[in-house]
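Asks: One file is attached below, start_4.csv, containing CSV, C-alpha atoms.
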chain,number,residue,atom,x,y,z
H,1,GLY,CA,40.7,-41.9,91.0
H,2,VAL,CA,43.8,-39.8,91.1
H,3,GLY,CA,44.0,-39.2,87.4
H,4,GLY,CA,43.9,-35.5,88.0
H,5,VAL,CA,47.3,-35.5,89.6
H,6,GLY,CA,48.8,-37.5,86.8
H,7,GLY,CA,47.5,-34.9,84.4
H,8,VAL,CA,50.2,-32.5,85.7
H,9,GLY,CA,52.7,-34.6,83.8
H,10,GLY,CA,56.3,-33.3,84.0
H,11,ILE,CA,55.6,-30.6,86.6
H,12,GLY,CA,58.9,-29.3,88.0
H,13,GLY,CA,60.7,-30.5,84.9
H,14,ALA,CA,61.4,-34.1,86.1
H,15,GLY,CA,58.1,-35.9,85.5
H,16,VAL,CA,57.5,-35.9,89.3
H,17,GLY,CA,53.8,-35.2,88.8
H,18,VAL,CA,53.0,-38.6,87.2
H,19,GLY,CA,55.2,-40.6,89.5
H,20,ALA,CA,54.0,-38.9,92.7
H,21,ALA,CA,50.5,-39.4,91.5
H,22,LYS,CA,51.0,-43.2,91.2
H,23,LYS,CA,52.4,-43.4,94.8
H,24,THR,CA,49.6,-41.1,96.0
H,25,GLU,CA,47.1,-43.5,94.4
H,26,ILE,CA,48.5,-46.4,96.5
H,27,LEU,CA,48.2,-44.3,99.7
H,28,PHE,CA,44.6,-43.2,99.1
H,29,THR,CA,42.9,-46.3,97.7
H,30,GLY,CA,39.5,-47.3,99.2
H,31,PRO,CA,36.3,-45.3,99.6
H,32,GLU,CA,38.1,-42.0,100.0
H,33,LYS,CA,38.0,-39.8,96.9
H,34,PHE,CA,41.0,-37.9,95.5
H,35,THR,CA,41.0,-34.4,96.9
H,36,GLY,CA,44.0,-33.0,95.1
H,37,SER,CA,43.7,-29.9,92.9
H,38,ALA,CA,46.6,-30.5,90.5
H,39,VAL,CA,44.9,-30.8,87.1
H,40,ALA,CA,46.9,-28.7,84.7
H,41,GLY,CA,50.3,-27.2,84.0
H,42,GLY,CA,51.2,-24.1,86.1
H,43,TRP,CA,49.6,-25.6,89.2
H,44,LYS,CA,50.7,-24.2,92.6
H,45,ARG,CA,50.1,-25.8,95.9
H,46,PRO,CA,47.1,-24.4,97.8
H,47,ALA,CA,47.5,-22.5,101.1
H,48,LEU,CA,48.6,-24.8,103.9
H,49,ASP,CA,45.4,-24.6,105.9
H,50,VAL,CA,43.4,-26.0,103.0
H,51,CYS,CA,46.0,-28.2,101.4
H,52,SER,CA,45.2,-31.9,100.9
H,53,PRO,CA,47.7,-34.6,101.6
H,54,GLU,CA,47.9,-35.4,97.8
H,55,ASP,CA,48.6,-31.8,96.9
H,56,PHE,CA,51.3,-31.5,99.6
H,57,MET,CA,53.1,-34.6,98.7
H,58,LEU,CA,53.1,-33.7,95.0
H,59,ASP,CA,54.6,-30.3,95.8
H,60,PHE,CA,57.0,-31.7,98.4
H,61,CYS,CA,58.2,-34.4,96.1
H,62,ARG,CA,58.6,-31.9,93.2
H,63,PHE,CA,60.7,-29.7,95.5
H,64,CYS,CA,62.9,-32.5,96.7
H,65,ASP,CA,63.6,-33.5,93.2
H,66,SER,CA,64.5,-29.9,92.3
H,67,GLN,CA,67.0,-29.9,95.2
H,68,GLY,CA,68.8,-33.0,93.8
H,69,ASP,CA,67.1,-35.6,96.0
H,70,ASP,CA,65.4,-38.6,94.4
H,71,TRP,CA,61.8,-38.0,95.4
H,72,GLU,CA,61.1,-41.8,95.5
H,73,VAL,CA,64.0,-42.4,97.9
H,74,VAL,CA,62.8,-39.5,100.1
H,75,TRP,CA,59.3,-40.9,100.1
H,76,ASP,CA,60.5,-44.4,101.1
H,77,ILE,CA,62.7,-42.9,103.9
H,78,LEU,CA,59.8,-41.0,105.3
H,79,ASP,CA,57.5,-44.0,105.2
H,80,ASN,CA,60.1,-46.3,106.7
H,81,SER,CA,60.7,-43.9,109.6
H,82,LEU,CA,57.2,-44.7,111.1
H,83,ARG,CA,56.6,-48.1,109.5
H,84,ARG,CA,55.7,-49.7,112.8
H,85,SER,CA,52.5,-47.6,112.9
H,86,GLY,CA,51.2,-49.5,109.9
H,87,LYS,CA,50.4,-46.2,108.1
H,88,PRO,CA,52.1,-44.0,105.6
H,89,MET,CA,54.1,-41.2,107.1
H,90,ASP,CA,51.9,-38.2,107.9
H,91,ALA,CA,54.2,-35.8,106.1
H,92,LEU,CA,51.6,-33.0,105.8
H,93,GLY,CA,50.7,-33.4,109.5
H,94,LEU,CA,54.3,-33.2,110.6
H,95,TYR,CA,55.0,-30.1,108.4
H,96,LYS,CA,51.8,-28.3,109.6
H,97,GLU,CA,52.5,-29.0,113.3
H,98,ILE,CA,56.1,-27.6,113.0
H,99,CYS,CA,55.0,-24.6,111.0
H,100,SER,CA,52.2,-23.8,113.5
H,101,ARG,CA,54.8,-23.7,116.2
H,102,GLY,CA,56.8,-21.0,114.4
H,103,GLY,CA,58.7,-23.3,112.1
H,104,PHE,CA,61.9,-25.3,112.6
H,105,VAL,CA,64.3,-22.3,112.1
H,106,SER,CA,67.3,-24.3,113.2
H,107,ARG,CA,68.0,-27.5,115.2
H,108,ARG,CA,68.8,-25.5,118.3
H,109,SER,CA,65.7,-23.3,118.0
H,110,ALA,CA,63.5,-26.3,117.4
H,111,LYS,CA,64.9,-28.3,120.4
H,112,THR,CA,64.2,-25.2,122.6
H,113,ARG,CA,60.7,-24.4,121.4
H,114,ILE,CA,59.1,-27.6,120.1
H,115,LYS,CA,58.1,-30.8,122.0
H,116,MET,CA,58.4,-33.4,119.4
H,117,PRO,CA,56.4,-36.0,121.4
H,118,ASP,CA,53.5,-33.6,121.3
H,119,VAL,CA,53.9,-33.2,117.5
H,120,PHE,CA,53.9,-37.0,117.2
H,121,LYS,CA,50.6,-37.2,119.1
H,122,ALA,CA,49.0,-35.0,116.5
H,123,LEU,CA,49.9,-37.3,113.6
H,124,HIS,CA,47.8,-40.1,112.3
H,125,ASN,CA,50.9,-42.4,112.9
H,126,TYR,CA,50.5,-42.0,116.6
H,127,TYR,CA,49.2,-44.9,118.7
H,128,VAL,CA,49.0,-45.6,122.4
H,129,GLY,CA,51.8,-47.8,123.6
H,130,HIS,CA,54.1,-47.0,120.7
H,131,THR,CA,57.7,-48.1,120.9
H,132,TYR,CA,59.3,-45.0,119.3
H,133,THR,CA,61.5,-44.2,122.3
H,134,ASP,CA,63.7,-41.7,120.4
H,135,ILE,CA,60.9,-40.0,118.4
H,136,GLY,CA,62.3,-36.5,119.4
H,137,ASN,CA,65.7,-37.0,117.8
H,138,ASN,CA,64.2,-38.9,114.9
H,139,PHE,CA,61.9,-36.1,114.0
H,140,LEU,CA,64.6,-33.5,114.5
H,141,ASN,CA,66.9,-35.4,112.1
H,142,MET,CA,64.2,-36.1,109.5
H,143,TYR,CA,62.8,-32.6,109.5
H,144,GLU,CA,66.1,-30.9,109.4
H,145,ARG,CA,67.2,-33.0,106.4
H,146,TYR,CA,64.1,-33.1,104.3
H,147,PHE,CA,61.5,-30.6,105.5
H,148,LEU,CA,63.6,-27.6,106.5
H,149,PRO,CA,64.6,-26.7,103.0
H,150,TYR,CA,61.0,-26.8,101.9
H,151,GLU,CA,60.0,-24.7,104.9
H,152,LEU,CA,62.6,-22.1,104.1
H,153,ALA,CA,61.3,-21.9,100.5
H,154,HIS,CA,57.8,-21.4,101.8
H,155,PRO,CA,58.0,-18.7,104.5
H,156,GLY,CA,54.3,-18.0,104.3
H,157,ASP,CA,53.6,-21.4,105.8
H,158,VAL,CA,55.2,-20.5,109.1
H,159,ASN,CA,53.1,-19.1,112.0
H,160,LYS,CA,54.5,-15.7,113.0
H,161,ALA,CA,51.6,-14.7,115.3
H,162,ARG,CA,52.3,-13.1,118.6
H,163,CYS,CA,51.5,-14.7,122.0
H,164,PRO,CA,48.4,-12.7,123.2
H,165,HIS,CA,50.0,-12.5,126.7
H,166,CYS,CA,53.6,-11.5,126.2
H,167,GLN,CA,53.3,-10.3,122.6
H,168,PHE,CA,56.4,-12.2,121.5
H,169,THR,CA,56.2,-14.3,118.4
H,170,VAL,CA,56.7,-18.0,118.6
H,171,GLN,CA,60.2,-17.5,117.3
H,172,ASP,CA,61.3,-14.6,119.5
H,173,ARG,CA,61.0,-16.2,122.8
H,174,ALA,CA,62.4,-19.5,123.9
H,175,GLY,CA,60.1,-22.2,125.4
H,176,ALA,CA,57.5,-24.6,124.3
H,177,MET,CA,54.0,-23.4,123.2
H,178,VAL,CA,50.5,-24.8,123.3
H,179,ALA,CA,47.4,-24.0,121.3
H,180,CYS,CA,44.0,-23.3,122.8
H,181,ASP,CA,41.7,-26.2,122.2
H,182,GLY,CA,39.0,-23.8,121.2
H,183,CYS,CA,40.3,-20.9,119.1
H,184,LYS,CA,43.7,-22.5,118.3
H,185,THR,CA,45.6,-19.4,119.4
H,186,TRP,CA,49.2,-20.2,120.4
H,187,TYR,CA,50.5,-19.3,123.9
H,188,HIS,CA,53.9,-19.8,125.5
H,189,ASN,CA,53.6,-22.4,128.2
H,190,GLU,CA,54.5,-20.0,130.9
H,191,CYS,CA,52.0,-17.4,129.6
H,192,CYS,CA,49.3,-20.0,129.3
H,193,ALA,CA,49.9,-21.4,132.8
H,194,ALA,CA,49.3,-17.9,134.2
H,195,ASN,CA,46.3,-16.9,132.1
H,196,THR,CA,44.4,-19.9,130.9
H,197,VAL,CA,42.7,-23.0,132.2
H,198,TRP,CA,44.8,-26.1,131.5
H,199,ARG,CA,43.2,-29.5,130.9
H,200,THR,CA,44.5,-32.8,132.3
H,201,LYS,CA,44.3,-36.0,130.2
H,202,ALA,CA,41.2,-36.9,132.1
H,203,GLY,CA,39.5,-33.7,131.0
H,204,SER,CA,39.4,-32.0,134.4
H,205,ARG,CA,40.4,-28.3,134.7
H,206,ARG,CA,43.2,-27.0,136.8
H,207,LYS,CA,45.9,-24.4,136.8
H,208,SER,CA,49.1,-26.2,135.8
H,209,SER,CA,52.0,-26.0,133.3
H,210,SER,CA,52.4,-29.8,132.9
H,211,SER,CA,49.7,-30.4,130.3
H,212,SER,CA,49.8,-30.0,126.6
H,213,SER,CA,46.1,-29.0,126.2
H,214,CYS,CA,44.5,-25.8,127.3
H,215,SER,CA,41.5,-23.5,127.0
H,216,CYS,CA,42.1,-19.8,127.0
H,217,SER,CA,40.1,-17.4,129.1
H,218,SER,CA,37.8,-16.5,126.2
H,219,CYS,CA,37.0,-20.1,125.4
H,220,SER,CA,36.7,-21.3,129.0
H,221,PHE,CA,33.5,-19.4,129.7
Would you mind writing the structure in this file as structure tokens?
Replies:
Amino acid sequence: GVGGVGGVGGIGGAGVGVGAAKKTEILFTGPEKFTGSAVAGGWKRPALDVCSPEDFMLDFCRFCDSQGDDWEVVWDILDNSLRRSGKPMDALGLYKEICSRGGFVSRRSAKTRIKMPDVFKALHNYYVGHTYTDIGNNFLNMYERYFLPYELAHPGDVNKARCPHCQFTVQDRAGAMVACDGCKTWYHNECCAANTVWRTKAGSRRKSSSSSSCSCSSCSF
């Protein structure tokens, strides 16, 4: 079960460990086994690329509580935001997708660089024919309010790699970016259109800047 998380007790000084563990237990019932690592005091969240949903939510809720937000209220707000999907809010997925794109930085920066509909497609809440017609603004509002403070407190989570073509970081140059399907390297859309093979939804290859999936020159051959 998830007793390991509960063993953290009052981590963060507000008993968030136990409470968050109980909610985590509700989310991860069934054949799946608890994959969290919080089993003792002094625990720190693992690196983002190996972080489990349980570990992230425990750390995120603890952080929200430390900022004066009731973590249970925050949790309910996140879940309600995508309730029509029939699944709990993929908070870790959202956070990882934004961080991989250079972080939110500011609302203006995020609107310029990040296509929120593409972010939504990467979450387990996404489904074909969804009715979230304003998902872009919803994600901007939600992330700015609840996730941005956490991001700013964890600068190591944010991808600061340079685009292989123009050598600008994902934050230094305006415009949306896309990751290679193979090596996951991030390119600016304009750079990618000029130097990689883009894929259509049907899987065919063509030079284009209208797709959100690509294969770089190294992975194309």
Asks: Find the spatial neighbours of Pro149 of chain H, counting all atoms listed in the file, within a cut-off of 12 Å - ignore same-chain residues fewer than 3 positions away - and output them as a list of chain:residue names.
Replies: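 In the requested format, the answer is H:Phe60, H:Phe63, H:Cys64, H:Asp65, H:Ser66, H:Gln67, H:Gly68, H:Asp69, H:Tyr95, H:Gly103, H:Phe104, H:Val105, H:Ser106, H:Met142, H:Tyr143, H:Glu144, H:Arg145, H:Tyr146, H:Leu152, H:Ala153, H:His154, H:Pro155.
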Asks: Could you pull the residues within 10 Å of Asn141 of chain H, counting only C-alpha atoms, minus those fewer than 6 positions along the same chain, as JSON, numbers by chain?
Replies: {"H": [107, 135, 147]}
Asks: How many Å lie between atom CA of Phe120 of chain H and atom CA of Lys87 of chain H, rounded to one decimal?
Replies: 13.4 Å
Asks: May I ask for the distance between atom CA of Pro117 of chain H and atom CA of Leu58 of chain H, given in Å to one decimal place?
Replies: 26.7 Å
Asks: May I have the protein, DNA and RNA residues with any atom at most 12 Å from the point (46.0, -19.9, 103.1), counting only C-alpha atoms, written as a list in words?
Replies: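 Using only C-alpha atoms, the matching residues come out as Arg45, Pro46, Ala47, Leu48, Asp49, Val50, Cys51, His154, Gly156, Asp157, Val158 and Asn159 of chain H.
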Asks: For those residues, write C-alpha atoms to a file as a PDB file, keeping the file's coordinate frame.
Replies:
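Wrote it out as result-v1.pdb, contents follow:
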ATOM      1  CA  ARG H  45      50.100 -25.800  95.900  1.00  0.00           C
ATOM      2  CA  PRO H  46      47.100 -24.400  97.800  1.00  0.00           C
ATOM      3  CA  ALA H  47      47.500 -22.500 101.100  1.00  0.00           C
ATOM      4  CA  LEU H  48      48.600 -24.800 103.900  1.00  0.00           C
ATOM      5  CA  ASP H  49      45.400 -24.600 105.900  1.00  0.00           C
ATOM      6  CA  VAL H  50      43.400 -26.000 103.000  1.00  0.00           C
ATOM      7  CA  CYS H  51      46.000 -28.200 101.400  1.00  0.00           C
ATOM      8  CA  HIS H 154      57.800 -21.400 101.800  1.00  0.00           C
ATOM      9  CA  GLY H 156      54.300 -18.000 104.300  1.00  0.00           C
ATOM     10  CA  ASP H 157      53.600 -21.400 105.800  1.00  0.00           C
ATOM     11  CA  VAL H 158      55.200 -20.500 109.100  1.00  0.00           C
ATOM     12  CA  ASN H 159      53.100 -19.100 112.000  1.00  0.00           C
TER      13      ASN H 159
END
Asks: Counting all atoms listed in the file, figure out which residue out of H:Lys115, H:Cys166, H:Lys44, H:Asn125 gets nearest to Arg83 of chain H.
Replies: H:Asn125
Asks: By how many Å are atom CA of Asp172 of chain H and atom CA of Asn137 of chain H apart?
Replies: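 Result for atom CA of Asp172 of chain H versus atom CA of Asn137 of chain H: 22.9 Å, one decimal.
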Asks: When you count all atoms listed in the file, which of these residues is closest to His130 of chain H: H:Arg84, H:His188, H:Ser217, H:Ala179?
Replies: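 Closest to His130 of chain H, using all atoms listed in the file: H:Arg84.
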Asks: Skip Cys219 of chain H itself and residues of its chain fewer than 5 positions away, then list as a compact mmCIF listing (two decimals) with C-alpha atoms, in the coordinates of the input all residues within 9 Å of it, counting all atoms listed in the file.
Replies:
# COMPACT_ATOMS: atom_id res chain seq x y z
CA CYS H 180 44.00 -23.30 122.80
CA ASP H 181 41.70 -26.20 122.20
CA GLY H 182 39.00 -23.80 121.20
CA CYS H 183 40.30 -20.90 119.10
Asks: Return as JSON the centre and edge lengths, in Å with one decimal, of the box along x, y and z that encloses every atom of segment 112-121 of chain H in the file, padded by 3 Å per side.
Replies:
{"center_x": 57.4, "center_y": -30.8, "center_z": 119.9, "size_x": 19.6, "size_y": 18.8, "size_z": 11.4}
